[in-house]
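The next block holds one structure in the form of structure tokens; read it before the comments.
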Amino acid sequence: MESGCPVQNSLKLIGGKWKITLMYNLRNGPMRFGELKRSLVKITQQMLTKQLRELESDHLIDRKVFEVIPPKVEYSLTDFGVSIIPVLDSLCKWSSEHEELIDAILDDQLIK
């Protein structure tokens, strides 16, 4: 990976609309595809599949296939993926502490 700002390099792995939320949802343990889909109401099945594949390719999540009928697949964080949870917890704390201002900024942007 090219050198540069460490934040930019990190965002190359976790950037995007859904990846951070997917990893945050997986922080408490494995989830099946349908559970993840229900937790992200507005994500399409195609986008969810794409984001999960990218996270798996980047070694942030693991995909485990159970040989049963019907097929069962679970997604979980790898050790590398777990290592980002403290960062996501800090982001949640920051967002909660500034919720009113963030909401006002987002509402204003939606009006324009």
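A note on labels: chains of the structure tokens are A, B, ... as shown, every chain counts residues from 1, and ligands are counted from 1 in their shown order.
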For this session: Report the residues of chain A whose backbone DSSP state falls under alpha helix (DSSP H), written as an MDAnalysis selection string.
Result: chainID A and resid 6:14 19:25 33:39 45:57 79:82 85:97 99:111
For this session: Identify, on the basis of only C-alpha atoms, every residue whose closest approach to Ser57 of chain A does not exceed 12 Å; exclude the query and any residue fewer than 6 positions from it along the same chain; express the result as a PyMOL selection string.
Result: chain A and resi 13-14+50-51+63+78+81
How would the residues just picked look written out with N, CA, C and O atoms as a compact mmCIF listing (two decimals), in the first residue's frame?
# COMPACT_ATOMS: atom_id res chain seq x y z
N LEU A 13 -9.78 0.66 3.40
CA LEU A 13 -10.32 -0.63 3.82
C LEU A 13 -11.73 -0.53 4.38
O LEU A 13 -12.56 -1.38 4.11
N ILE A 14 -12.00 0.50 5.17
CA ILE A 14 -13.29 0.56 5.88
C ILE A 14 -14.21 1.65 5.38
O ILE A 14 -15.32 1.80 5.88
N LYS A 50 -21.67 -7.26 -1.96
CA LYS A 50 -20.44 -6.60 -2.40
C LYS A 50 -19.60 -6.15 -1.20
O LYS A 50 -18.39 -6.39 -1.14
N GLN A 51 -20.24 -5.51 -0.23
CA GLN A 51 -19.52 -5.00 0.94
C GLN A 51 -18.94 -6.14 1.78
O GLN A 51 -17.80 -6.06 2.24
N ARG A 63 -16.00 -15.49 6.64
CA ARG A 63 -17.24 -16.09 6.15
C ARG A 63 -17.14 -17.59 6.38
O ARG A 63 -16.23 -18.24 5.88
N THR A 78 -12.73 -10.94 12.05
CA THR A 78 -11.44 -11.59 12.27
C THR A 78 -10.75 -10.86 13.43
O THR A 78 -11.25 -9.83 13.92
N GLY A 81 -10.27 -7.47 12.29
CA GLY A 81 -11.52 -6.71 12.35
C GLY A 81 -11.87 -6.29 13.77
O GLY A 81 -12.31 -5.16 14.00
Problem set entry | Polymer residues at most 10 Å from segment 88-101 of chain A, only C-alpha atoms, same-chain spacing of 4 or more positions, as JSON, numbers by chain | {"A": [20, 21, 23, 24, 27, 83, 84, 105, 106, 107]}
Exercise. DSSP on the backbone: what in segment 30-105 of chain A comes out strand (DSSP E or B), as a list in words?
Worked result: Met31, Arg32, Ile61, Asp62, Arg63, Lys64, Val65, Phe66, Lys72, Val73, Glu74, Tyr75, Ser76 and Leu77 of chain A
Pull N, CA and C atoms from the residues just selected and write them as a PDB file, in the first residue's frame.
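Printed below is part_7.pdb as written:
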ATOM      1  N   MET A  31     -23.103 -13.258  12.654  1.00  0.00           N
ATOM      2  CA  MET A  31     -24.459 -13.005  12.168  1.00  0.00           C
ATOM      3  C   MET A  31     -24.605 -13.626  10.793  1.00  0.00           C
ATOM      4  N   ARG A  32     -25.823 -14.030  10.496  1.00  0.00           N
ATOM      5  CA  ARG A  32     -26.132 -14.560   9.176  1.00  0.00           C
ATOM      6  C   ARG A  32     -26.479 -13.415   8.230  1.00  0.00           C
ATOM      7  N   ILE A  61     -13.395  -9.475   7.979  1.00  0.00           N
ATOM      8  CA  ILE A  61     -14.426 -10.413   8.420  1.00  0.00           C
ATOM      9  C   ILE A  61     -14.128 -11.793   7.862  1.00  0.00           C
ATOM     10  N   ASP A  62     -14.730 -12.776   8.500  1.00  0.00           N
ATOM     11  CA  ASP A  62     -14.599 -14.163   8.076  1.00  0.00           C
ATOM     12  C   ASP A  62     -15.972 -14.667   7.668  1.00  0.00           C
ATOM     13  N   ARG A  63     -16.003 -15.486   6.642  1.00  0.00           N
ATOM     14  CA  ARG A  63     -17.241 -16.091   6.149  1.00  0.00           C
ATOM     15  C   ARG A  63     -17.144 -17.591   6.383  1.00  0.00           C
ATOM     16  N   LYS A  64     -18.078 -18.112   7.171  1.00  0.00           N
ATOM     17  CA  LYS A  64     -18.069 -19.540   7.485  1.00  0.00           C
ATOM     18  C   LYS A  64     -19.321 -20.184   6.900  1.00  0.00           C
ATOM     19  N   VAL A  65     -19.107 -21.199   6.065  1.00  0.00           N
ATOM     20  CA  VAL A  65     -20.208 -21.914   5.419  1.00  0.00           C
ATOM     21  C   VAL A  65     -20.421 -23.227   6.164  1.00  0.00           C
ATOM     22  N   PHE A  66     -21.661 -23.466   6.576  1.00  0.00           N
ATOM     23  CA  PHE A  66     -22.028 -24.712   7.237  1.00  0.00           C
ATOM     24  C   PHE A  66     -22.650 -25.629   6.190  1.00  0.00           C
ATOM     25  N   LYS A  72     -26.147 -22.637   5.274  1.00  0.00           N
ATOM     26  CA  LYS A  72     -26.079 -21.618   6.318  1.00  0.00           C
ATOM     27  C   LYS A  72     -24.702 -20.968   6.245  1.00  0.00           C
ATOM     28  N   VAL A  73     -24.680 -19.649   6.228  1.00  0.00           N
ATOM     29  CA  VAL A  73     -23.431 -18.895   6.182  1.00  0.00           C
ATOM     30  C   VAL A  73     -23.456 -17.877   7.321  1.00  0.00           C
ATOM     31  N   GLU A  74     -22.357 -17.810   8.055  1.00  0.00           N
ATOM     32  CA  GLU A  74     -22.227 -16.815   9.116  1.00  0.00           C
ATOM     33  C   GLU A  74     -21.018 -15.933   8.839  1.00  0.00           C
ATOM     34  N   TYR A  75     -21.163 -14.682   9.217  1.00  0.00           N
ATOM     35  CA  TYR A  75     -20.081 -13.715   9.084  1.00  0.00           C
ATOM     36  C   TYR A  75     -19.659 -13.290  10.485  1.00  0.00           C
ATOM     37  N   SER A  76     -18.352 -13.154  10.677  1.00  0.00           N
ATOM     38  CA  SER A  76     -17.831 -12.711  11.967  1.00  0.00           C
ATOM     39  C   SER A  76     -16.578 -11.881  11.731  1.00  0.00           C
ATOM     40  N   LEU A  77     -16.197 -11.118  12.729  1.00  0.00           N
ATOM     41  CA  LEU A  77     -14.979 -10.323  12.634  1.00  0.00           C
ATOM     42  C   LEU A  77     -13.759 -11.217  12.811  1.00  0.00           C
TER      43      LEU A  77
END
Exercise. Of the residues A:Trp18, A:Cys5, A:Arg53, A:Asp108, which is the one nearest to Lys37 of chain A, using only C-alpha atoms?
Worked result: A:Trp18
For this session: For atom CA of Lys19 of chain A and atom CA of Glu56 of chain A, quote the distance in Å rounded to one decimal.
Result: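 Interatomic distance here is 10.9 Å.
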Exercise. Rounded to one decimal in Å, what is the spacing between atom CA of Val41 of chain A and atom CA of Asn9 of chain A?
Worked result: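 Here the two named atoms are 28.6 Å from each other.
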Problem set entry | Separation of atom CA of Ala104 of chain A from atom CA of Lys17 of chain A, in Å and rounded to one decimal |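 We find that atom CA of Ala104 of chain A and atom CA of Lys17 of chain A lie 20.0 Å from each other.
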For this session: Check the smallest atom-to-atom distance from each of A:Leu11, A:Val82, A:Leu55, A:Leu48 to Glu35 of chain A using only C-alpha atoms, then report the winner.
Result: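 The closest residue to Glu35 of chain A is A:Leu48.
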